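**Student:** So here's target-v4.cif (mmCIF, N, CA and C atoms and all ligand atoms).
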```cif
data_start
#
loop_
_atom_site.label_atom_id
_atom_site.label_comp_id
_atom_site.auth_asym_id
_atom_site.auth_seq_id
_atom_site.Cartn_x
_atom_site.Cartn_y
_atom_site.Cartn_z
N MET A 1 0.85 -1.20 0.00
CA MET A 1 0.00 0.00 0.00
C MET A 1 0.88 1.25 0.00
N THR A 2 0.57 2.20 -0.84
CA THR A 2 1.29 3.47 -0.87
C THR A 2 0.42 4.55 -0.24
N GLU A 3 0.98 5.77 -0.20
CA GLU A 3 0.18 6.87 0.35
C GLU A 3 -1.08 7.08 -0.47
N SER A 4 -0.98 6.80 -1.77
CA SER A 4 -2.16 6.98 -2.61
C SER A 4 -3.08 5.77 -2.53
N GLY A 5 -2.70 4.77 -1.72
CA GLY A 5 -3.61 3.65 -1.50
C GLY A 5 -3.15 2.37 -2.16
N THR A 6 -4.10 1.47 -2.38
CA THR A 6 -3.81 0.17 -2.96
C THR A 6 -4.21 0.18 -4.44
N ILE A 7 -4.02 -0.94 -5.08
CA ILE A 7 -4.47 -1.05 -6.47
C ILE A 7 -5.97 -0.82 -6.60
N PHE A 8 -6.72 -1.05 -5.54
CA PHE A 8 -8.16 -0.83 -5.64
C PHE A 8 -8.49 0.66 -5.76
N ASP A 9 -7.68 1.53 -5.14
CA ASP A 9 -7.88 2.96 -5.36
C ASP A 9 -7.65 3.29 -6.84
N GLN A 10 -6.69 2.63 -7.44
CA GLN A 10 -6.40 2.88 -8.86
C GLN A 10 -7.52 2.37 -9.75
N ILE A 11 -8.20 1.32 -9.30
CA ILE A 11 -9.36 0.84 -10.06
C ILE A 11 -10.52 1.82 -9.90
N ILE A 12 -10.70 2.35 -8.69
CA ILE A 12 -11.77 3.33 -8.47
C ILE A 12 -11.54 4.57 -9.33
N SER A 13 -10.27 5.02 -9.41
CA SER A 13 -9.96 6.25 -10.17
C SER A 13 -9.80 5.99 -11.66
N ARG A 14 -9.90 4.73 -12.07
CA ARG A 14 -9.76 4.30 -13.47
C ARG A 14 -8.33 4.42 -13.98
N GLU A 15 -7.36 4.56 -13.07
CA GLU A 15 -5.95 4.51 -13.51
C GLU A 15 -5.59 3.09 -13.92
N LEU A 16 -6.25 2.13 -13.30
CA LEU A 16 -6.02 0.72 -13.59
C LEU A 16 -7.33 0.13 -14.11
N ALA A 17 -7.24 -0.58 -15.21
CA ALA A 17 -8.44 -1.13 -15.84
C ALA A 17 -8.97 -2.32 -15.03
N ALA A 18 -10.27 -2.44 -15.00
CA ALA A 18 -10.93 -3.60 -14.39
C ALA A 18 -12.25 -3.80 -15.12
N ASP A 19 -12.75 -5.01 -15.02
CA ASP A 19 -14.04 -5.32 -15.66
C ASP A 19 -15.14 -4.97 -14.66
N ILE A 20 -15.58 -3.73 -14.69
CA ILE A 20 -16.53 -3.21 -13.71
C ILE A 20 -17.95 -3.66 -14.07
N VAL A 21 -18.64 -4.25 -13.09
CA VAL A 21 -20.00 -4.75 -13.34
C VAL A 21 -21.04 -4.02 -12.52
N TYR A 22 -20.60 -3.24 -11.53
CA TYR A 22 -21.54 -2.54 -10.65
C TYR A 22 -20.89 -1.27 -10.15
N GLU A 23 -21.67 -0.19 -10.09
CA GLU A 23 -21.15 1.04 -9.48
C GLU A 23 -22.31 1.87 -8.95
N ASP A 24 -22.11 2.41 -7.76
CA ASP A 24 -23.01 3.45 -7.25
C ASP A 24 -22.15 4.48 -6.53
N GLN A 25 -22.77 5.33 -5.78
CA GLN A 25 -22.06 6.44 -5.12
C GLN A 25 -21.02 5.94 -4.11
N TYR A 26 -21.27 4.78 -3.53
CA TYR A 26 -20.44 4.28 -2.43
C TYR A 26 -19.59 3.07 -2.77
N VAL A 27 -19.99 2.32 -3.78
CA VAL A 27 -19.46 0.98 -3.99
C VAL A 27 -19.11 0.75 -5.45
N LEU A 28 -18.03 0.00 -5.66
CA LEU A 28 -17.67 -0.46 -7.00
C LEU A 28 -17.60 -1.98 -6.97
N GLY A 29 -18.08 -2.62 -8.01
CA GLY A 29 -17.99 -4.07 -8.15
C GLY A 29 -17.31 -4.42 -9.46
N PHE A 30 -16.31 -5.31 -9.39
CA PHE A 30 -15.57 -5.68 -10.62
C PHE A 30 -15.12 -7.13 -10.52
N LYS A 31 -14.85 -7.73 -11.68
CA LYS A 31 -14.47 -9.14 -11.72
C LYS A 31 -13.10 -9.35 -11.09
N ASP A 32 -12.99 -10.40 -10.27
CA ASP A 32 -11.70 -10.75 -9.68
C ASP A 32 -10.77 -11.23 -10.78
N ILE A 33 -9.51 -10.81 -10.67
CA ILE A 33 -8.52 -11.16 -11.71
C ILE A 33 -8.18 -12.65 -11.67
N ASN A 34 -8.47 -13.30 -10.55
CA ASN A 34 -8.13 -14.72 -10.35
C ASN A 34 -9.36 -15.46 -9.85
N PRO A 35 -10.35 -15.65 -10.73
CA PRO A 35 -11.66 -16.14 -10.27
C PRO A 35 -11.63 -17.54 -9.67
N GLN A 36 -12.35 -17.70 -8.57
CA GLN A 36 -12.45 -18.98 -7.85
C GLN A 36 -13.80 -19.64 -8.05
N ALA A 37 -14.64 -19.06 -8.88
CA ALA A 37 -15.97 -19.59 -9.17
C ALA A 37 -16.39 -18.99 -10.51
N PRO A 38 -17.41 -19.58 -11.15
CA PRO A 38 -17.85 -19.01 -12.44
C PRO A 38 -18.18 -17.52 -12.35
N ILE A 39 -18.71 -17.12 -11.21
CA ILE A 39 -18.95 -15.69 -10.95
C ILE A 39 -18.14 -15.33 -9.72
N HIS A 40 -17.19 -14.43 -9.87
CA HIS A 40 -16.35 -14.00 -8.74
C HIS A 40 -16.15 -12.49 -8.89
N ILE A 41 -16.92 -11.76 -8.10
CA ILE A 41 -16.92 -10.29 -8.16
C ILE A 41 -16.40 -9.74 -6.84
N LEU A 42 -15.59 -8.71 -6.91
CA LEU A 42 -15.13 -8.00 -5.71
C LEU A 42 -15.95 -6.73 -5.57
N PHE A 43 -16.55 -6.56 -4.41
CA PHE A 43 -17.28 -5.33 -4.09
C PHE A 43 -16.45 -4.54 -3.09
N ILE A 44 -16.13 -3.31 -3.45
CA ILE A 44 -15.26 -2.50 -2.58
C ILE A 44 -15.93 -1.16 -2.28
N PRO A 45 -15.65 -0.60 -1.10
CA PRO A 45 -16.16 0.74 -0.81
C PRO A 45 -15.30 1.79 -1.50
N LYS A 46 -15.90 2.90 -1.86
CA LYS A 46 -15.14 4.00 -2.47
C LYS A 46 -14.49 4.85 -1.39
N LEU A 47 -14.13 4.22 -0.32
CA LEU A 47 -13.42 4.83 0.80
C LEU A 47 -12.47 3.75 1.27
N ARG A 48 -11.21 4.10 1.45
CA ARG A 48 -10.27 3.05 1.85
C ARG A 48 -10.39 2.74 3.33
N ILE A 49 -10.82 1.53 3.60
CA ILE A 49 -10.86 0.95 4.94
C ILE A 49 -9.93 -0.24 4.82
N ALA A 50 -8.86 -0.27 5.58
CA ALA A 50 -7.79 -1.24 5.30
C ALA A 50 -8.22 -2.69 5.55
N THR A 51 -8.80 -2.95 6.71
CA THR A 51 -9.17 -4.33 7.04
C THR A 51 -10.53 -4.33 7.74
N HIS A 52 -11.05 -5.52 7.95
CA HIS A 52 -12.31 -5.65 8.69
C HIS A 52 -12.19 -5.04 10.08
N ASN A 53 -10.99 -5.09 10.65
CA ASN A 53 -10.76 -4.51 11.98
C ASN A 53 -10.97 -2.99 12.00
N ASP A 54 -10.89 -2.37 10.84
CA ASP A 54 -11.00 -0.90 10.75
C ASP A 54 -12.42 -0.41 10.49
N ILE A 55 -13.37 -1.33 10.43
CA ILE A 55 -14.77 -0.92 10.30
C ILE A 55 -15.22 -0.33 11.63
N ASN A 56 -15.85 0.83 11.57
CA ASN A 56 -16.28 1.48 12.80
C ASN A 56 -17.59 2.24 12.55
N ILE A 57 -18.06 2.92 13.59
CA ILE A 57 -19.36 3.58 13.51
C ILE A 57 -19.38 4.68 12.44
N ASP A 58 -18.19 5.23 12.12
CA ASP A 58 -18.14 6.32 11.14
C ASP A 58 -18.14 5.82 9.69
N ASN A 59 -17.71 4.57 9.48
CA ASN A 59 -17.64 4.09 8.09
C ASN A 59 -18.56 2.89 7.83
N ILE A 60 -19.35 2.48 8.83
CA ILE A 60 -20.17 1.28 8.69
C ILE A 60 -21.20 1.40 7.56
N ASP A 61 -21.59 2.62 7.23
CA ASP A 61 -22.56 2.79 6.13
C ASP A 61 -22.01 2.22 4.83
N TYR A 62 -20.71 2.33 4.62
CA TYR A 62 -20.12 1.78 3.41
C TYR A 62 -20.30 0.26 3.36
N VAL A 63 -20.19 -0.37 4.51
CA VAL A 63 -20.32 -1.83 4.57
C VAL A 63 -21.77 -2.23 4.27
N SER A 64 -22.70 -1.47 4.82
CA SER A 64 -24.11 -1.72 4.50
C SER A 64 -24.36 -1.59 3.02
N LYS A 65 -23.78 -0.57 2.42
CA LYS A 65 -23.97 -0.34 0.98
C LYS A 65 -23.36 -1.46 0.15
N MET A 66 -22.27 -2.04 0.66
CA MET A 66 -21.67 -3.18 -0.06
C MET A 66 -22.64 -4.35 -0.08
N HIS A 67 -23.28 -4.63 1.05
CA HIS A 67 -24.27 -5.72 1.08
C HIS A 67 -25.45 -5.43 0.15
N LEU A 68 -25.92 -4.19 0.17
CA LEU A 68 -27.05 -3.84 -0.71
C LEU A 68 -26.64 -3.97 -2.18
N ALA A 69 -25.41 -3.59 -2.49
CA ALA A 69 -24.91 -3.69 -3.87
C ALA A 69 -24.90 -5.16 -4.31
N ILE A 70 -24.46 -6.03 -3.42
CA ILE A 70 -24.43 -7.46 -3.74
C ILE A 70 -25.86 -7.97 -3.98
N ASN A 71 -26.78 -7.58 -3.11
CA ASN A 71 -28.17 -8.02 -3.30
C ASN A 71 -28.72 -7.55 -4.65
N HIS A 72 -28.44 -6.30 -4.97
CA HIS A 72 -28.89 -5.78 -6.25
C HIS A 72 -28.29 -6.60 -7.39
N TYR A 73 -27.01 -6.88 -7.30
CA TYR A 73 -26.31 -7.55 -8.39
C TYR A 73 -26.76 -9.01 -8.55
N VAL A 74 -26.90 -9.75 -7.44
CA VAL A 74 -27.30 -11.16 -7.59
C VAL A 74 -28.73 -11.28 -8.12
N ASN A 75 -29.55 -10.30 -7.79
CA ASN A 75 -30.89 -10.29 -8.40
C ASN A 75 -30.80 -10.00 -9.89
N GLN A 76 -29.95 -9.05 -10.23
CA GLN A 76 -29.79 -8.66 -11.64
C GLN A 76 -29.31 -9.83 -12.50
N ILE A 77 -28.39 -10.64 -11.96
CA ILE A 77 -27.84 -11.74 -12.76
C ILE A 77 -28.60 -13.05 -12.54
N GLY A 78 -29.65 -13.02 -11.70
CA GLY A 78 -30.49 -14.21 -11.53
C GLY A 78 -29.89 -15.29 -10.65
N GLU A 79 -29.02 -14.91 -9.71
CA GLU A 79 -28.39 -15.90 -8.84
C GLU A 79 -28.88 -15.83 -7.39
N ALA A 80 -29.81 -14.93 -7.11
CA ALA A 80 -30.24 -14.75 -5.72
C ALA A 80 -30.84 -16.04 -5.15
N GLU A 81 -31.71 -16.67 -5.90
CA GLU A 81 -32.38 -17.87 -5.39
C GLU A 81 -31.44 -19.07 -5.38
N ASN A 82 -30.56 -19.16 -6.36
CA ASN A 82 -29.60 -20.27 -6.38
C ASN A 82 -28.69 -20.23 -5.16
N GLY A 83 -28.33 -19.02 -4.75
CA GLY A 83 -27.45 -18.85 -3.61
C GLY A 83 -26.02 -18.57 -4.04
N TYR A 84 -25.23 -18.21 -3.08
CA TYR A 84 -23.87 -17.72 -3.35
C TYR A 84 -23.14 -17.59 -2.04
N ARG A 85 -21.90 -17.19 -2.10
CA ARG A 85 -21.12 -16.97 -0.88
C ARG A 85 -20.53 -15.57 -0.91
N VAL A 86 -20.52 -14.92 0.25
CA VAL A 86 -19.88 -13.61 0.41
C VAL A 86 -18.77 -13.78 1.44
N VAL A 87 -17.56 -13.41 1.06
CA VAL A 87 -16.39 -13.64 1.92
C VAL A 87 -15.61 -12.34 2.10
N MET A 88 -15.16 -12.11 3.33
CA MET A 88 -14.19 -11.04 3.59
C MET A 88 -13.00 -11.67 4.31
N ASN A 89 -11.83 -11.54 3.75
CA ASN A 89 -10.61 -12.06 4.36
C ASN A 89 -9.96 -10.94 5.17
N CYS A 90 -9.43 -11.30 6.35
CA CYS A 90 -8.79 -10.29 7.20
C CYS A 90 -7.39 -10.73 7.62
N ASN A 91 -6.43 -9.89 7.25
CA ASN A 91 -5.03 -10.03 7.70
C ASN A 91 -4.45 -11.41 7.36
N LYS A 92 -3.39 -11.77 8.06
CA LYS A 92 -2.58 -12.93 7.66
C LYS A 92 -3.36 -14.24 7.67
N ASN A 93 -4.01 -14.54 8.78
CA ASN A 93 -4.69 -15.83 8.85
C ASN A 93 -5.90 -15.90 7.91
N GLY A 94 -6.46 -14.76 7.61
CA GLY A 94 -7.58 -14.72 6.66
C GLY A 94 -7.13 -14.65 5.22
N GLN A 95 -5.81 -14.59 5.00
CA GLN A 95 -5.23 -14.55 3.64
C GLN A 95 -5.60 -13.28 2.88
N GLN A 96 -5.71 -12.17 3.62
CA GLN A 96 -5.97 -10.89 2.94
C GLN A 96 -4.69 -10.43 2.25
N THR A 97 -4.82 -10.05 0.99
CA THR A 97 -3.65 -9.59 0.23
C THR A 97 -3.77 -8.13 -0.21
N VAL A 98 -4.97 -7.62 -0.30
CA VAL A 98 -5.17 -6.22 -0.68
C VAL A 98 -5.84 -5.52 0.49
N PHE A 99 -5.16 -4.46 1.00
CA PHE A 99 -5.59 -3.86 2.26
C PHE A 99 -6.52 -2.66 2.02
N HIS A 100 -7.59 -2.99 1.38
CA HIS A 100 -8.74 -2.11 1.12
C HIS A 100 -9.89 -3.11 1.17
N ILE A 101 -10.75 -3.02 2.18
CA ILE A 101 -11.71 -4.11 2.37
C ILE A 101 -12.49 -4.40 1.10
N HIS A 102 -12.83 -5.66 0.95
CA HIS A 102 -13.59 -6.10 -0.22
C HIS A 102 -14.39 -7.33 0.17
N MET A 103 -15.56 -7.43 -0.41
CA MET A 103 -16.37 -8.63 -0.28
C MET A 103 -16.23 -9.42 -1.57
N HIS A 104 -15.83 -10.68 -1.43
CA HIS A 104 -15.80 -11.59 -2.58
C HIS A 104 -17.21 -12.15 -2.74
N LEU A 105 -17.82 -11.94 -3.88
CA LEU A 105 -19.07 -12.62 -4.22
C LEU A 105 -18.70 -13.81 -5.10
N LEU A 106 -18.98 -15.00 -4.58
CA LEU A 106 -18.71 -16.24 -5.31
C LEU A 106 -20.05 -16.88 -5.63
N ALA A 107 -20.26 -17.20 -6.90
CA ALA A 107 -21.56 -17.74 -7.32
C ALA A 107 -21.37 -18.57 -8.57
N GLY A 108 -22.45 -19.26 -8.94
CA GLY A 108 -22.43 -20.03 -10.18
C GLY A 108 -22.06 -21.48 -10.00
N ARG A 109 -21.76 -21.89 -8.78
CA ARG A 109 -21.52 -23.31 -8.48
C ARG A 109 -21.80 -23.52 -7.00
N ALA A 110 -21.95 -24.81 -6.60
CA ALA A 110 -22.10 -25.12 -5.18
C ALA A 110 -20.76 -24.90 -4.49
N MET A 111 -20.80 -24.29 -3.31
CA MET A 111 -19.59 -24.01 -2.55
C MET A 111 -19.29 -25.17 -1.60
N ASN A 112 -18.04 -25.31 -1.20
CA ASN A 112 -17.65 -26.31 -0.21
C ASN A 112 -17.78 -25.72 1.19
N TRP A 113 -18.12 -26.60 2.14
CA TRP A 113 -18.13 -26.21 3.54
C TRP A 113 -17.71 -27.41 4.38
N PRO A 114 -16.75 -27.31 5.31
CA PRO A 114 -16.04 -26.09 5.66
C PRO A 114 -15.09 -25.63 4.56
N PRO A 115 -14.76 -24.34 4.53
CA PRO A 115 -14.01 -23.80 3.41
C PRO A 115 -12.54 -24.21 3.40
N GLY A 116 -11.96 -24.59 4.56
CA GLY A 116 -10.56 -25.01 4.58
C GLY A 116 -9.58 -23.86 4.70
P1 LIG A 201 -7.90 -11.04 -0.72
O1 LIG A 201 -7.01 -12.24 -0.68
O2 LIG A 201 -9.17 -11.26 0.04
O3 LIG A 201 -7.16 -9.78 -0.28
O4 LIG A 201 -8.33 -10.88 -2.23
C1 LIG A 201 -7.78 -9.97 -3.12
C2 LIG A 201 -8.33 -10.30 -4.47
O5 LIG A 201 -8.03 -9.23 -5.35
C3 LIG A 201 -7.74 -11.56 -5.10
O6 LIG A 201 -8.77 -12.54 -5.24
C4 LIG A 201 -7.24 -11.14 -6.46
C5 LIG A 201 -7.84 -9.76 -6.64
N1 LIG A 201 -6.99 -8.83 -7.35
C6 LIG A 201 -5.74 -8.47 -6.99
N2 LIG A 201 -5.26 -7.56 -7.86
C7 LIG A 201 -6.25 -7.32 -8.76
C8 LIG A 201 -6.35 -6.47 -9.89
O7 LIG A 201 -5.44 -5.72 -10.25
N3 LIG A 201 -7.53 -6.52 -10.58
C9 LIG A 201 -8.56 -7.33 -10.20
N4 LIG A 201 -9.65 -7.30 -10.96
N5 LIG A 201 -8.49 -8.14 -9.14
C10 LIG A 201 -7.35 -8.14 -8.43
#
```
Mind turning this structure into structure tokens?
Ligand code: DGP
**Tutor:**
Amino acid sequence: MTESGTIFDQIISRELAADIVYEDQYVLGFKDINPQAPIHILFIPKLRIATHNDINIDNIDYVSKMHLAINHYVNQIGEAENGYRVVMNCNKNGQQTVFHIHMHLLAGRAMNWPPG
């Protein structure tokens, strides 16, 4: 992460190209570069919150908007009833690699549980 942020800030500012599938005032959704399911979208807030630990009363609205964005999107693509998984990885044990919170939307196949 630099002072100007992570690669996700560059995707928000369009300095870095991404396959954007959803956008509103608070949230951007784009295809993961390394998909783990037929549908693998990253939903990110347009405000840099580094990890899940950094969610607080002042920025929680962004997290709510991320969930609403996912609901809108899964309805739009017809996957709401089939079901899907929403994942947030945090820090080392959670295998977080980009320190700008993101929700992984995984859909289009049955998921494994436990995830391992
Ligand atoms: P995580 O491990 O939870 O921090 O997931 C980060 C995800 O970000 C990982 O699945 C790959 C994805 N990713 C990393 N760099 C890029 C990029 O430049 N473009 C896109 N579309 N996805 C990226």
**Student:** Hey, which residues come within 9 Å of ligand LIG 201 (chain A) if we count only C-alpha atoms and all ligand atoms? Could you give them as a ChimeraX atom specification?
**Tutor:** /A:7-8,10-11,16-20,30-36,40-42,87-91,94-104
**Student:** Taking 5 positions as the minimum chain separation for residues in the same chain, which residues sit within 12 Å of His72 (chain A) when counting only C-alpha atoms? Answer as a list in words.
**Tutor:**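 Surrounding residues, per the criterion: Val21, Tyr22, Glu23, Asp24, Val27, Gly29, Phe43, Lys65, Met66, His67, Ile77, Gly78, Glu79 and Ala80 of chain A.
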**Student:** So which residues of chain A fall under strand (DSSP E) by DSSP, listed as a list in words?
**Tutor:**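 The strand (DSSP E) subset of chain A is Ile20, Val21, Tyr22, Glu23, Val27, Leu28, Gly29, Phe30, Lys31, Ile39, His40, Ile41, Leu42, Phe43, Ile44, Pro45, Tyr84, Arg85, Val86, Val87, Met103, His104, Leu105, Leu106 and Ala107 of chain A.
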**Student:** Within chain A, find each residue whose DSSP state, derived from the backbone, is alpha helix (DSSP H), and express the selection as a list in words.
**Tutor:**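 Residues of chain A classed as alpha helix (DSSP H): Ile7, Phe8, Asp9, Gln10, Ile11, Ile12, Ile60, Asp61, Tyr62, Val63, Ser64, Lys65, Met66, His67, Leu68, Ala69, Ile70, Asn71, His72, Tyr73, Val74, Asn75 and Gln76 of chain A.
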**Student:** Need to verify the contact set: Asn112 (chain A), 12 Å, only C-alpha atoms, exclusion of same-chain residues closer than 3 positions in sequence. Can you return it as JSON, numbers by chain?
**Tutor:** {"A": [36, 37, 84, 85, 106, 107, 109, 115, 116]}
**Student:** How many Å lie between CA of Tyr73 (chain A) and atom N of Pro45 (chain A), rounded to one decimal?
**Tutor:**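 That distance, rounded to one decimal, is 14.7 Å.
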**Student:** Restricting the calculation to only C-alpha atoms, which member of A:Tyr26, A:Gln76, A:Glu15, A:Glu81 is positioned closest to Arg48 (chain A)?
**Tutor:**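 Looking only at the distances to Arg48 (chain A), the closest residue turns out to be A:Tyr26.
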**Student:** Using only N, CA and C atoms, which residue out of A:Met111, A:Ala69, A:Ile60, A:Ile44 lies closest to Gly83 (chain A)?
**Tutor:**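 Among the listed residues, the smallest separation from Gly83 (chain A) belongs to A:Met111.
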**Student:** As an exercise, work out the distance from atom C of Ile49 (chain A) to CA of Thr6 (chain A) in Å and give it to one decimal place.
**Tutor:**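 If I compute the distance from atom C of Ile49 (chain A) to CA of Thr6 (chain A), I get 9.9 Å.
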**Student:** Could you please determine the separation between atom N of His52 (chain A) and CA of Asn75 (chain A) in Å, to one decimal place?
**Tutor:** 26.1 Å
**Student:** Considering all atoms listed in the file, state which residue in the set A:Val86, A:Leu68, A:Ile39, A:Leu28 is at the smallest distance from Gly108 (chain A).
**Tutor:**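 The shortest atom-to-atom distance to Gly108 (chain A) comes from A:Ile39.
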